[in-house]
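Text of start29.cif, listed as mmCIF, C-alpha atoms:
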```
data_structure
#
loop_
_atom_site.label_atom_id
_atom_site.label_comp_id
_atom_site.auth_asym_id
_atom_site.auth_seq_id
_atom_site.Cartn_x
_atom_site.Cartn_y
_atom_site.Cartn_z
CA MET A 1 9.08 8.58 -25.91
CA SER A 2 8.15 12.19 -25.17
CA TYR A 3 4.90 11.75 -27.12
CA LYS A 4 3.99 8.62 -25.12
CA ILE A 5 4.55 10.39 -21.84
CA LYS A 6 2.40 13.35 -22.91
CA TYR A 7 -0.36 11.08 -24.21
CA SER A 8 -0.33 9.07 -20.98
CA ALA A 9 -0.62 12.22 -18.88
CA LEU A 10 -3.37 13.65 -21.10
CA ASN A 11 -5.29 10.39 -20.89
CA PHE A 12 -4.97 10.45 -17.10
CA PHE A 13 -6.36 13.99 -16.78
CA LEU A 14 -9.20 13.43 -19.24
CA ILE A 15 -10.41 10.40 -17.31
CA VAL A 16 -9.65 11.35 -13.71
CA ILE A 17 -10.86 14.95 -13.58
CA PRO A 18 -14.52 14.07 -14.37
CA PHE A 19 -14.53 11.26 -11.81
CA SER A 20 -12.87 13.47 -9.20
CA ILE A 21 -15.54 16.12 -9.77
CA ILE A 22 -18.26 13.48 -9.32
CA VAL A 23 -16.67 12.46 -6.02
CA GLY A 24 -16.30 16.10 -4.97
CA LEU A 25 -19.94 16.94 -5.72
CA ARG A 26 -21.31 14.29 -3.40
CA GLY A 27 -23.68 15.25 -0.62
CA ASN A 28 -24.04 13.80 2.84
CA THR A 29 -22.83 10.26 2.16
CA PRO A 30 -21.77 8.22 5.21
CA ASP A 31 -18.69 9.59 7.02
CA THR A 32 -18.55 12.66 4.76
CA SER A 33 -19.93 15.04 7.39
CA THR A 34 -17.26 13.87 9.84
CA TYR A 35 -14.46 14.76 7.44
CA TYR A 36 -16.13 18.00 6.41
CA ASN A 37 -16.66 19.14 10.01
CA ILE A 38 -12.98 18.57 10.77
CA PHE A 39 -12.14 20.65 7.72
CA LYS A 40 -14.50 23.49 8.76
CA ASN A 41 -13.12 23.57 12.31
CA ILE A 42 -9.51 22.75 11.55
CA GLU A 43 -8.27 25.78 13.52
CA LEU A 44 -9.57 24.17 16.72
CA TYR A 45 -7.31 21.12 16.53
CA ASN A 46 -3.70 20.53 17.48
CA LEU A 47 -1.88 19.53 14.30
CA LYS A 48 1.42 19.07 16.10
CA SER A 49 0.40 15.86 17.85
CA TYR A 50 -0.67 12.71 15.99
CA LYS A 51 -2.05 11.16 19.17
CA GLU A 52 -3.96 14.23 20.38
CA PHE A 53 -5.52 14.85 16.97
CA TYR A 54 -6.62 11.23 16.74
CA LEU A 55 -8.16 11.31 20.22
CA GLU A 56 -10.04 14.52 19.41
CA THR A 57 -11.34 13.54 15.97
CA GLY A 58 -11.10 9.76 15.61
CA VAL A 59 -9.09 10.14 12.38
CA GLU A 60 -5.37 10.21 11.68
CA LEU A 61 -3.31 13.38 11.50
CA GLY A 62 -2.84 13.16 7.74
CA TRP A 63 -6.43 14.25 7.17
CA GLY A 64 -5.90 17.19 9.52
CA ILE A 65 -2.78 18.38 7.69
CA TYR A 66 -4.47 17.95 4.32
CA SER A 67 -7.55 19.85 5.54
CA LYS A 68 -5.36 22.65 6.87
CA ILE A 69 -3.55 23.05 3.56
CA VAL A 70 -6.79 23.10 1.55
CA SER A 71 -8.43 25.52 4.02
CA ILE A 72 -5.74 28.11 3.22
CA PHE A 73 -7.09 28.38 -0.32
CA THR A 74 -10.78 27.50 -0.14
CA GLU A 75 -13.75 26.55 2.05
CA SER A 76 -15.34 24.44 -0.69
CA PRO A 77 -16.13 20.80 0.14
CA ILE A 78 -16.18 20.10 -3.59
CA ILE A 79 -12.51 20.99 -3.87
CA LEU A 80 -11.71 19.28 -0.55
CA PHE A 81 -13.10 15.91 -1.63
CA GLY A 82 -12.51 16.26 -5.36
CA LEU A 83 -8.82 17.01 -4.92
CA PHE A 84 -8.44 14.12 -2.48
CA SER A 85 -10.03 11.84 -5.07
CA PHE A 86 -7.62 13.17 -7.71
CA PHE A 87 -4.62 12.31 -5.51
CA THR A 88 -6.01 8.81 -4.95
CA PHE A 89 -6.27 8.25 -8.69
CA TRP A 90 -2.76 9.65 -9.16
CA ILE A 91 -1.32 7.11 -6.72
CA ILE A 92 -3.01 4.28 -8.62
CA TYR A 93 -1.67 5.74 -11.87
CA LYS A 94 1.91 5.74 -10.54
CA SER A 95 1.58 2.09 -9.46
CA SER A 96 0.30 1.25 -12.93
CA GLU A 97 3.41 2.84 -14.44
CA ILE A 98 5.71 0.71 -12.29
CA LEU A 99 3.80 -2.42 -13.31
CA ASN A 100 3.90 -1.39 -16.98
CA LEU A 101 0.10 -1.47 -17.11
CA LYS A 102 -2.09 0.97 -18.97
CA PHE A 103 -4.01 3.08 -16.48
CA ASN A 104 -7.26 2.47 -18.37
CA ASN A 105 -6.89 -1.28 -17.92
CA VAL A 106 -6.47 -0.89 -14.18
CA LEU A 107 -9.53 1.38 -14.00
CA VAL A 108 -11.64 -1.41 -15.52
CA PHE A 109 -11.10 -3.29 -12.25
CA TYR A 110 -11.08 -0.29 -9.92
CA LEU A 111 -14.07 1.83 -10.93
CA PRO A 112 -16.83 -0.82 -10.64
CA SER A 113 -15.50 -2.08 -7.31
CA ALA A 114 -16.14 -1.11 -3.71
CA TYR A 115 -12.61 0.35 -3.63
CA PHE A 116 -14.04 3.24 -5.63
CA LEU A 117 -17.81 3.21 -5.06
CA MET A 118 -17.59 2.70 -1.30
CA GLN A 119 -14.21 4.02 -0.25
CA GLN A 120 -13.95 7.19 -2.31
CA PHE A 121 -17.46 8.26 -1.35
CA MET A 122 -17.30 7.09 2.26
CA GLN A 123 -14.15 5.58 3.75
CA ILE A 124 -11.87 8.07 2.07
CA ARG A 125 -8.89 7.75 4.39
CA GLN A 126 -8.60 4.03 3.70
CA GLY A 127 -9.46 4.65 0.06
CA PHE A 128 -6.31 6.80 -0.15
CA ALA A 129 -4.00 5.02 2.31
CA VAL A 130 -4.26 1.58 0.71
CA PRO A 131 -3.18 2.67 -2.82
CA VAL A 132 -0.37 4.64 -1.14
CA VAL A 133 0.93 1.63 0.79
CA ILE A 134 0.74 -0.54 -2.35
CA LEU A 135 2.74 2.09 -4.26
CA ALA A 136 5.23 2.20 -1.37
CA SER A 137 5.82 -1.55 -1.56
CA LEU A 138 6.21 -1.46 -5.36
CA LEU A 139 8.72 1.39 -5.12
CA TYR A 140 10.67 -0.53 -2.48
CA LEU A 141 10.72 -3.71 -4.58
CA LYS A 142 11.79 -1.65 -7.59
CA GLY A 143 14.83 -0.49 -5.65
CA ASN A 144 13.63 3.00 -4.69
CA LYS A 145 13.78 2.19 -0.97
CA ILE A 146 13.86 5.75 0.35
CA ALA A 147 10.82 6.73 -1.72
CA GLY A 148 9.12 3.53 -0.58
CA ILE A 149 9.71 4.33 3.09
CA ILE A 150 8.39 7.88 2.62
CA PHE A 151 5.17 6.55 1.11
CA PHE A 152 4.86 3.93 3.88
CA ILE A 153 4.94 6.78 6.41
CA LEU A 154 2.45 8.80 4.36
CA ALA A 155 0.05 5.84 4.34
CA ILE A 156 0.22 5.51 8.13
CA PHE A 157 -0.55 9.22 8.46
CA PHE A 158 -3.90 8.62 6.75
CA HIS A 159 -4.99 5.26 8.14
CA GLN A 160 -3.52 2.88 10.70
CA VAL A 161 -5.12 -0.09 8.96
CA VAL A 162 -2.09 -0.19 6.64
CA ILE A 163 0.23 -1.20 9.49
CA PRO A 164 -0.60 -4.93 9.09
CA TYR A 165 0.21 -4.58 5.38
CA ILE A 166 3.64 -3.14 6.22
CA ILE A 167 4.30 -5.98 8.67
CA VAL A 168 3.31 -8.55 6.05
CA PHE A 169 5.52 -6.79 3.49
CA MET A 170 8.54 -7.16 5.78
CA ILE A 171 7.71 -10.84 6.29
CA TYR A 172 7.47 -11.26 2.52
CA LEU A 173 10.96 -9.80 2.04
CA ILE A 174 12.33 -12.44 4.41
CA VAL A 175 10.31 -15.31 2.91
CA ASN A 176 11.25 -14.36 -0.64
CA LYS A 177 14.92 -14.14 0.30
CA TYR A 178 15.10 -17.72 1.55
CA PHE A 179 12.25 -19.23 -0.48
CA PRO A 180 12.23 -17.46 -3.85
CA ILE A 181 9.29 -18.35 -6.06
CA ALA A 182 10.66 -19.44 -9.40
CA SER A 183 8.25 -22.16 -10.46
CA SER A 184 4.59 -23.04 -10.75
CA PHE A 185 4.94 -25.64 -8.00
CA ARG A 186 6.42 -23.26 -5.45
CA PHE A 187 3.90 -20.57 -6.36
CA LYS A 188 0.94 -22.90 -5.79
CA ILE A 189 2.31 -24.50 -2.62
CA LEU A 190 3.17 -21.18 -0.98
CA ASN A 191 -0.22 -19.60 -1.64
CA VAL A 192 -2.18 -22.67 -0.53
CA LEU A 193 -0.09 -22.94 2.66
CA ILE A 194 -0.67 -19.25 3.39
CA LEU A 195 -4.42 -19.75 3.08
CA ILE A 196 -4.56 -22.86 5.31
CA ILE A 197 -1.96 -22.00 7.96
CA GLY A 198 -2.97 -18.34 7.96
CA PHE A 199 -6.59 -19.25 8.68
CA ILE A 200 -5.54 -21.37 11.65
CA ILE A 201 -3.21 -18.69 13.06
CA VAL A 202 -5.78 -15.90 12.69
CA ARG A 203 -8.60 -17.88 14.32
CA SER A 204 -6.54 -19.30 17.18
CA ILE A 205 -4.07 -16.50 17.97
CA ILE A 206 -4.67 -13.15 16.26
CA TYR A 207 -8.45 -13.04 16.71
CA PRO A 208 -8.47 -13.29 20.56
CA ILE A 209 -5.40 -11.04 20.97
CA ALA A 210 -6.94 -8.32 18.79
CA PHE A 211 -10.05 -8.10 20.96
CA VAL A 212 -8.01 -7.79 24.14
CA ALA A 213 -5.54 -5.28 22.72
CA PHE A 214 -7.84 -2.87 20.85
CA GLU A 215 -10.71 -1.14 22.66
CA ARG A 216 -12.15 0.10 19.37
CA LEU A 217 -12.71 -3.48 18.22
CA GLN A 218 -14.57 -4.21 21.42
CA ALA A 219 -16.85 -1.27 20.67
CA TYR A 220 -17.37 -2.48 17.11
CA SER A 221 -18.26 -5.95 18.41
CA GLU A 222 -21.33 -4.46 20.07
CA SER A 223 -22.46 -2.64 16.91
CA ASP A 224 -23.72 -3.56 13.44
CA TYR A 225 -20.10 -4.04 12.35
CA SER A 226 -20.05 -7.34 14.25
CA GLU A 227 -22.47 -9.00 11.83
CA LYS A 228 -21.35 -12.13 10.02
CA VAL A 229 -20.22 -11.91 6.41
CA GLY A 230 -20.57 -15.58 5.56
CA PHE A 231 -18.28 -17.87 3.58
CA PHE A 232 -20.31 -17.61 0.40
CA SER A 233 -21.30 -13.98 0.09
CA LEU A 234 -21.14 -12.58 -3.46
CA SER A 235 -17.92 -10.72 -2.69
CA ASN A 236 -16.30 -13.82 -1.26
CA ILE A 237 -17.31 -15.92 -4.26
CA LYS A 238 -15.63 -13.38 -6.53
CA PHE A 239 -12.41 -13.56 -4.50
CA TYR A 240 -12.49 -17.39 -4.51
CA ILE A 241 -12.76 -17.38 -8.30
CA GLU A 242 -9.92 -14.87 -8.62
CA PHE A 243 -7.73 -16.93 -6.26
CA PHE A 244 -8.38 -20.04 -8.36
CA ILE A 245 -7.53 -18.14 -11.55
CA ILE A 246 -4.32 -16.73 -10.06
CA LEU A 247 -3.32 -20.14 -8.74
CA PHE A 248 -3.86 -22.14 -11.92
CA PHE A 249 -3.60 -19.70 -14.81
CA SER A 250 -0.42 -17.79 -14.00
CA ASN A 251 2.38 -18.54 -16.46
CA LYS A 252 6.17 -18.49 -16.65
CA LYS A 253 6.21 -14.85 -17.68
CA LEU A 254 4.31 -13.94 -14.52
CA TYR A 255 6.43 -16.18 -12.27
CA ASP A 256 9.43 -14.16 -13.43
CA ASN A 257 7.72 -10.88 -12.53
CA LYS A 258 8.64 -9.97 -8.94
CA PHE A 259 5.78 -7.48 -8.71
CA TYR A 260 3.19 -10.06 -9.76
CA ILE A 261 4.53 -12.62 -7.27
CA PHE A 262 4.31 -10.10 -4.45
CA LEU A 263 0.82 -8.91 -5.37
CA ALA A 264 -0.38 -12.53 -5.52
CA PHE A 265 1.13 -13.11 -2.07
CA ILE A 266 -0.67 -10.03 -0.74
CA PHE A 267 -3.95 -11.09 -2.35
CA THR A 268 -3.77 -14.49 -0.65
CA ILE A 269 -3.15 -12.81 2.71
CA GLY A 270 -6.24 -10.68 2.11
CA LEU A 271 -8.38 -13.69 1.22
CA THR A 272 -7.13 -15.48 4.34
CA LEU A 273 -8.13 -12.56 6.55
CA ARG A 274 -11.50 -12.21 4.85
CA VAL A 275 -12.37 -15.86 5.41
CA ALA A 276 -10.87 -16.08 8.90
CA PHE A 277 -12.89 -13.10 10.14
CA PHE A 278 -16.13 -14.28 8.49
CA ASP A 279 -18.05 -13.64 11.72
CA PHE A 280 -16.89 -10.04 12.19
CA ALA A 281 -17.82 -7.81 9.25
CA ILE A 282 -15.50 -4.85 9.83
CA LEU A 283 -12.39 -7.02 10.08
CA SER A 284 -13.43 -9.35 7.30
CA GLY A 285 -14.10 -6.44 4.97
CA ARG A 286 -12.07 -3.41 5.91
CA LEU A 287 -8.88 -5.19 7.01
CA SER A 288 -8.83 -7.74 4.20
CA ASN A 289 -9.43 -5.05 1.56
CA VAL A 290 -6.06 -3.52 2.43
CA PHE A 291 -4.53 -6.61 0.82
CA LEU A 292 -7.24 -7.59 -1.65
CA MET A 293 -7.03 -4.29 -3.50
CA SER A 294 -4.01 -5.82 -5.21
CA GLU A 295 -6.60 -7.48 -7.50
CA ILE A 296 -7.01 -4.29 -9.55
CA PHE A 297 -3.43 -4.80 -10.74
CA LEU A 298 -3.23 -8.60 -10.61
CA MET A 299 -6.19 -9.35 -12.82
CA PRO A 300 -5.23 -7.17 -15.81
CA MET A 301 -1.64 -8.44 -15.55
CA LEU A 302 -2.85 -12.04 -15.66
CA ILE A 303 -5.48 -11.61 -18.37
CA LEU A 304 -3.18 -9.63 -20.68
CA SER A 305 -0.47 -12.28 -20.31
CA ARG A 306 -2.82 -15.15 -21.19
CA PHE A 307 -5.08 -13.81 -23.94
CA LYS A 308 -4.77 -11.96 -27.20
CA LEU A 309 -5.66 -8.30 -26.84
CA ILE A 310 -9.11 -8.55 -28.41
CA TYR A 311 -10.14 -11.40 -26.08
CA ALA A 312 -8.56 -9.68 -23.09
CA TYR A 313 -10.65 -6.57 -23.71
CA MET A 314 -13.77 -8.67 -24.11
CA LEU A 315 -13.11 -10.14 -20.65
CA PHE A 316 -12.43 -6.64 -19.30
CA TYR A 317 -15.84 -5.39 -20.44
CA ILE A 318 -17.65 -8.45 -19.10
CA TYR A 319 -15.90 -8.06 -15.75
CA PHE A 320 -16.58 -4.32 -15.60
CA PHE A 321 -20.33 -4.50 -16.09
CA LEU A 322 -20.81 -7.64 -14.01
CA ILE A 323 -18.91 -6.28 -11.00
CA LEU A 324 -20.51 -2.85 -11.39
CA TYR A 325 -23.94 -4.45 -11.20
CA VAL A 326 -23.05 -6.55 -8.14
CA THR A 327 -21.24 -3.75 -6.30
CA TRP A 328 -23.95 -1.15 -6.90
CA PHE A 329 -27.03 -3.23 -6.15
CA PHE A 330 -25.60 -5.37 -3.34
CA GLN A 331 -23.15 -2.98 -1.63
CA ALA A 332 -23.11 0.66 -2.64
CA SER A 333 -26.67 1.60 -3.55
CA PRO A 334 -28.16 1.63 0.01
CA TYR A 335 -25.43 4.05 1.09
CA LEU A 336 -25.10 6.30 -1.97
CA GLU A 337 -28.26 6.36 -4.05
CA LYS A 338 -30.12 8.86 -1.86
CA SER A 339 -27.42 10.29 0.39
CA TYR A 340 -25.35 11.48 -2.60
CA PHE A 341 -28.03 14.13 -3.29
CA ILE A 342 -28.61 15.20 0.32
CA PRO A 343 -26.98 18.63 0.80
CA LEU A 344 -23.86 18.63 2.93
CA SER A 345 -24.16 21.20 5.71
#
```

Kindly transcribe the structure held in the file into structure tokens.
Amino acid sequence: MSYKIKYSALNFFLIVIPFSIIVGLRGNTPDTSTYYNIFKNIELYNLKSYKEFYLETGVELGWGIYSKIVSIFTESPIILFGLFSFFTFWIIYKSSEILNLKFNNVLVFYLPSAYFLMQQFMQIRQGFAVPVVILASLLYLKGNKIAGIIFFILAIFFHQVVIPYIIVFMIYLIVNKYFPIASSFRFKILNVLILIIGFIIVRSIIYPIAFVAFERLQAYSESDYSEKVGFFSLSNIKFYIEFFIILFFSNKKLYDNKFYIFLAFIFTIGLTLRVAFFDFAILSGRLSNVFLMSEIFLMPMLILSRFKLIYAYMLFYIYFFLILYVTWFFQASPYLEKSYFIPLS
């Protein structure tokens, strides 16, 4: 057992450190200068007030506290962003442990995706907060409720977009208490109902209320973020296929796994939001991804439960290179290909 733990940790460091360095060495990619300028001028901000810091910088207090701690030891942006990347990977690693998944298998679905190529190089607060809130929910479901609550709070300190996830998690606890999923029929019915009824509720109730309640959304609606995503974008097609696979290829072993059931529930919520906000890019993408990131755990769990190891790994490699191609050439490349090498000042 001791050997396995040491091997697992060694494997983690050997893989994560090079990727963290790559993230840390980036140049002036989108949003990076904003985070770096806060770091350079951290002494000018009030770190005792969440609200005041947010009003001054436009980011949550967690980034300010993190920047302050790092600034005590170094002024290097490489360490600032590289270390933040390392912590993000560590959170994913801890979730993998709870799910009894090999970290490498999860990385097959994480590294070629926008969760890594877009969020770690650009939207780093969300790129960190979402894995944290997923870990929080897994810890809570595992029975470590205090640890779960601590990580829920940590997630909020880095990005407010996780608040809907926490609300949905509380709803799930109630639904699962009175409507436990113990069969294929219930699993299918619940997820289909979520998709249909959720779409109606979002379009008729949540959508108009959100625009009235949040000034920032009104500002986004007048920018490029208001562009339509479309029902059949490449990303959406991928999520439709994954939803179909989850719905019809899950087996008894997975129905008995409380973590898998929850992650499937969360994934369906994410797909619902993505489709319902098809005409508002930032909500369709950024909000839905809080839930859809569950796919990096769901898909290896499902594939490994349905196929022999050799066939599972064949599917892993096909998925990795296919999604890497799509993500890079249709999402990440315009933002990273040139800006990665522009010096950060």

* Asked: Rounded to one decimal in Å, what is the spacing between CA of Ile156 in chain A and CA of Ala129 in chain A?
  ->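 Between CA of Ile156 in chain A and CA of Ala129 in chain A the gap works out to 7.2 Å.
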
* To do: Would you write out, as a list in words, every residue that the PyMOL selection byres ((chain A and resi 158) around 7) captures in this file?
  =>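 Residues picked by the PyMOL selection byres ((chain A and resi 158) around 7): Glu60, Leu61, Gly62, Trp63, Arg125, Ala129, Leu154, Ala155, Ile156, Phe157, His159 and Gln160 of chain A.
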
Local residues around (-10.9, 11.2, -7.6), at most 12 Å away, using only C-alpha atoms, as an mmCIF file with C-alpha atoms, in the frame of the given file:
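Wrote point_12.cif, looks like this:
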```
data_model
loop_
_atom_site.group_PDB
_atom_site.id
_atom_site.type_symbol
_atom_site.label_atom_id
_atom_site.label_comp_id
_atom_site.auth_asym_id
_atom_site.auth_seq_id
_atom_site.Cartn_x
_atom_site.Cartn_y
_atom_site.Cartn_z
ATOM 1 C CA PHE A 12 -4.970 10.450 -17.100
ATOM 2 C CA PHE A 13 -6.360 13.990 -16.780
ATOM 3 C CA LEU A 14 -9.200 13.430 -19.240
ATOM 4 C CA ILE A 15 -10.410 10.400 -17.310
ATOM 5 C CA VAL A 16 -9.650 11.350 -13.710
ATOM 6 C CA ILE A 17 -10.860 14.950 -13.580
ATOM 7 C CA PRO A 18 -14.520 14.070 -14.370
ATOM 8 C CA PHE A 19 -14.530 11.260 -11.810
ATOM 9 C CA SER A 20 -12.870 13.470 -9.200
ATOM 10 C CA ILE A 21 -15.540 16.120 -9.770
ATOM 11 C CA ILE A 22 -18.260 13.480 -9.320
ATOM 12 C CA VAL A 23 -16.670 12.460 -6.020
ATOM 13 C CA GLY A 24 -16.300 16.100 -4.970
ATOM 14 C CA LEU A 25 -19.940 16.940 -5.720
ATOM 15 C CA ARG A 26 -21.310 14.290 -3.400
ATOM 16 C CA ILE A 78 -16.180 20.100 -3.590
ATOM 17 C CA ILE A 79 -12.510 20.990 -3.870
ATOM 18 C CA LEU A 80 -11.710 19.280 -0.550
ATOM 19 C CA PHE A 81 -13.100 15.910 -1.630
ATOM 20 C CA GLY A 82 -12.510 16.260 -5.360
ATOM 21 C CA LEU A 83 -8.820 17.010 -4.920
ATOM 22 C CA PHE A 84 -8.440 14.120 -2.480
ATOM 23 C CA SER A 85 -10.030 11.840 -5.070
ATOM 24 C CA PHE A 86 -7.620 13.170 -7.710
ATOM 25 C CA PHE A 87 -4.620 12.310 -5.510
ATOM 26 C CA THR A 88 -6.010 8.810 -4.950
ATOM 27 C CA PHE A 89 -6.270 8.250 -8.690
ATOM 28 C CA TRP A 90 -2.760 9.650 -9.160
ATOM 29 C CA ILE A 91 -1.320 7.110 -6.720
ATOM 30 C CA ILE A 92 -3.010 4.280 -8.620
ATOM 31 C CA TYR A 93 -1.670 5.740 -11.870
ATOM 32 C CA LEU A 107 -9.530 1.380 -14.000
ATOM 33 C CA TYR A 110 -11.080 -0.290 -9.920
ATOM 34 C CA LEU A 111 -14.070 1.830 -10.930
ATOM 35 C CA TYR A 115 -12.610 0.350 -3.630
ATOM 36 C CA PHE A 116 -14.040 3.240 -5.630
ATOM 37 C CA LEU A 117 -17.810 3.210 -5.060
ATOM 38 C CA GLN A 119 -14.210 4.020 -0.250
ATOM 39 C CA GLN A 120 -13.950 7.190 -2.310
ATOM 40 C CA PHE A 121 -17.460 8.260 -1.350
ATOM 41 C CA ILE A 124 -11.870 8.070 2.070
ATOM 42 C CA GLY A 127 -9.460 4.650 0.060
ATOM 43 C CA PHE A 128 -6.310 6.800 -0.150
#
```

* Structure fact -> A straight line from CA of Val275 in chain A to CA of Tyr240 in chain A spans 10.0 Å

Which range 6-117 of chain A residues have any atom within 12 Å of an atom of range 288-298 of chain A, and for each, what is the nearest pair of atoms with distance in Å to one decimal, counting all atoms listed in the file, rows sorted by chain and number, as a Markdown table?
```
| residue | atom | partner | partner_atom | distance |
| --- | --- | --- | --- | --- |
| A:Ile92 | CA | A:Phe297 | CA | 9.3 |
| A:Tyr93 | CA | A:Phe297 | CA | 10.7 |
| A:Lys94 | CA | A:Phe297 | CA | 11.8 |
| A:Ser95 | CA | A:Phe297 | CA | 8.6 |
| A:Ser96 | CA | A:Phe297 | CA | 7.4 |
| A:Glu97 | CA | A:Phe297 | CA | 10.9 |
| A:Ile98 | CA | A:Phe297 | CA | 10.8 |
| A:Leu99 | CA | A:Phe297 | CA | 8.0 |
| A:Asn100 | CA | A:Phe297 | CA | 10.2 |
| A:Leu101 | CA | A:Phe297 | CA | 8.0 |
| A:Lys102 | CA | A:Phe297 | CA | 10.1 |
| A:Phe103 | CA | A:Phe297 | CA | 9.8 |
| A:Asn104 | CA | A:Ile296 | CA | 11.1 |
| A:Asn105 | CA | A:Phe297 | CA | 8.7 |
| A:Val106 | CA | A:Ile296 | CA | 5.8 |
| A:Leu107 | CA | A:Ile296 | CA | 7.6 |
| A:Val108 | CA | A:Ile296 | CA | 8.1 |
| A:Phe109 | CA | A:Ile296 | CA | 5.0 |
| A:Tyr110 | CA | A:Ile296 | CA | 5.7 |
| A:Leu111 | CA | A:Ile296 | CA | 9.4 |
| A:Pro112 | CA | A:Ile296 | CA | 10.5 |
| A:Ser113 | CA | A:Ile296 | CA | 9.1 |
| A:Ala114 | CA | A:Asn289 | CA | 9.4 |
| A:Tyr115 | CA | A:Met293 | CA | 7.3 |
| A:Phe116 | CA | A:Met293 | CA | 10.5 |
```

* Identify which of the residues A:Leu135, A:Leu304, A:Ile261, A:Leu234 lies closest to Leu247 in chain A, counting all atoms listed in the file when measuring atom-to-atom distances. =>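 For Leu247 in chain A, the nearest of the candidates is A:Ile261.
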
* Looking at A:Ile189, A:Ile205, A:Leu324, A:Ile146, which one is nearest to Thr268 in chain A, with distances taken over only C-alpha atoms? ->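 Comparing A:Ile189, A:Ile205, A:Leu324, A:Ile146 against Thr268 in chain A, the winner is A:Ile189.
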
* To do: Might you pull out every residue within 12 Å of Pro334 in chain A, with all atoms listed in the file counted and same-chain residues fewer than 5 positions away left off, and present them as a PyMOL selection string?
  => chain A and resi 29-30+117-118+327-329+339-340

Enumerate, in order of chain and increasing residue number, the residues of range 38-150 of chain A with an atom no farther than 10 Å from range 169-184 of chain A, each with its shortest atom pair and distance in Å to one decimal, counting all atoms listed in the file, as a Markdown table.
```
| residue | atom | partner | partner_atom | distance |
| --- | --- | --- | --- | --- |
| A:Val133 | CA | A:Phe169 | CA | 10.0 |
| A:Ile134 | CA | A:Phe169 | CA | 9.8 |
| A:Ser137 | CA | A:Phe169 | CA | 7.3 |
| A:Leu141 | CA | A:Leu173 | CA | 9.0 |
```

Residue members of the PyMOL selection byres ((chain A and resi 192-199) around 12) in the file shown, as an mmCIF file with C-alpha atoms, in the coordinates of the input:
```
data_model
loop_
_atom_site.group_PDB
_atom_site.id
_atom_site.type_symbol
_atom_site.label_atom_id
_atom_site.label_comp_id
_atom_site.auth_asym_id
_atom_site.auth_seq_id
_atom_site.Cartn_x
_atom_site.Cartn_y
_atom_site.Cartn_z
ATOM 1 C CA VAL A 168 3.310 -8.550 6.050
ATOM 2 C CA TYR A 172 7.470 -11.260 2.520
ATOM 3 C CA VAL A 175 10.310 -15.310 2.910
ATOM 4 C CA PHE A 185 4.940 -25.640 -8.000
ATOM 5 C CA ARG A 186 6.420 -23.260 -5.450
ATOM 6 C CA PHE A 187 3.900 -20.570 -6.360
ATOM 7 C CA LYS A 188 0.940 -22.900 -5.790
ATOM 8 C CA ILE A 189 2.310 -24.500 -2.620
ATOM 9 C CA LEU A 190 3.170 -21.180 -0.980
ATOM 10 C CA ASN A 191 -0.220 -19.600 -1.640
ATOM 11 C CA ILE A 200 -5.540 -21.370 11.650
ATOM 12 C CA ILE A 201 -3.210 -18.690 13.060
ATOM 13 C CA VAL A 202 -5.780 -15.900 12.690
ATOM 14 C CA ARG A 203 -8.600 -17.880 14.320
ATOM 15 C CA SER A 204 -6.540 -19.300 17.180
ATOM 16 C CA ILE A 205 -4.070 -16.500 17.970
ATOM 17 C CA ILE A 206 -4.670 -13.150 16.260
ATOM 18 C CA TYR A 207 -8.450 -13.040 16.710
ATOM 19 C CA TYR A 240 -12.490 -17.390 -4.510
ATOM 20 C CA PHE A 243 -7.730 -16.930 -6.260
ATOM 21 C CA PHE A 244 -8.380 -20.040 -8.360
ATOM 22 C CA ILE A 246 -4.320 -16.730 -10.060
ATOM 23 C CA LEU A 247 -3.320 -20.140 -8.740
ATOM 24 C CA PHE A 248 -3.860 -22.140 -11.920
ATOM 25 C CA ALA A 264 -0.380 -12.530 -5.520
ATOM 26 C CA PHE A 265 1.130 -13.110 -2.070
ATOM 27 C CA ILE A 266 -0.670 -10.030 -0.740
ATOM 28 C CA PHE A 267 -3.950 -11.090 -2.350
ATOM 29 C CA THR A 268 -3.770 -14.490 -0.650
ATOM 30 C CA ILE A 269 -3.150 -12.810 2.710
ATOM 31 C CA GLY A 270 -6.240 -10.680 2.110
ATOM 32 C CA LEU A 271 -8.380 -13.690 1.220
ATOM 33 C CA THR A 272 -7.130 -15.480 4.340
ATOM 34 C CA LEU A 273 -8.130 -12.560 6.550
ATOM 35 C CA ARG A 274 -11.500 -12.210 4.850
ATOM 36 C CA VAL A 275 -12.370 -15.860 5.410
ATOM 37 C CA ALA A 276 -10.870 -16.080 8.900
ATOM 38 C CA PHE A 277 -12.890 -13.100 10.140
ATOM 39 C CA PHE A 278 -16.130 -14.280 8.490
#
```

* Got a sec to resolve the PyMOL selection byres ((chain A and resi 306) around 12) on this structure and send the residues as a list of chain:residue names? ->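 Applying the PyMOL selection byres ((chain A and resi 306) around 12) to the structure shown produces A:Ile245, A:Ile246, A:Phe248, A:Phe249, A:Ser250, A:Asn251, A:Lys252, A:Lys253, A:Leu254, A:Met299, A:Pro300, A:Met301, A:Leu302, A:Ile303, A:Leu304, A:Ser305, A:Phe307, A:Lys308, A:Leu309, A:Ile310, A:Tyr311, A:Ala312, A:Tyr313, A:Leu315.
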
Around all the atoms of range 261-276 of chain A listed in the file, draw an axis-aligned box and extend it by 3 Å on each of the six sides; I want its centre and edge lengths in Å to one decimal, as JSON.
```
{"center_x": -3.9, "center_y": -12.5, "center_z": 0.8, "size_x": 22.9, "size_y": 13.2, "size_z": 22.2}
```

* Which polymer residues have any atom within 6 Å of an atom of range 147-153 of chain A, counting all atoms listed in the file, with same-chain residues fewer than 5 positions away left out, as a VMD selection string? -> chain A and resid 133 136 139 to 140
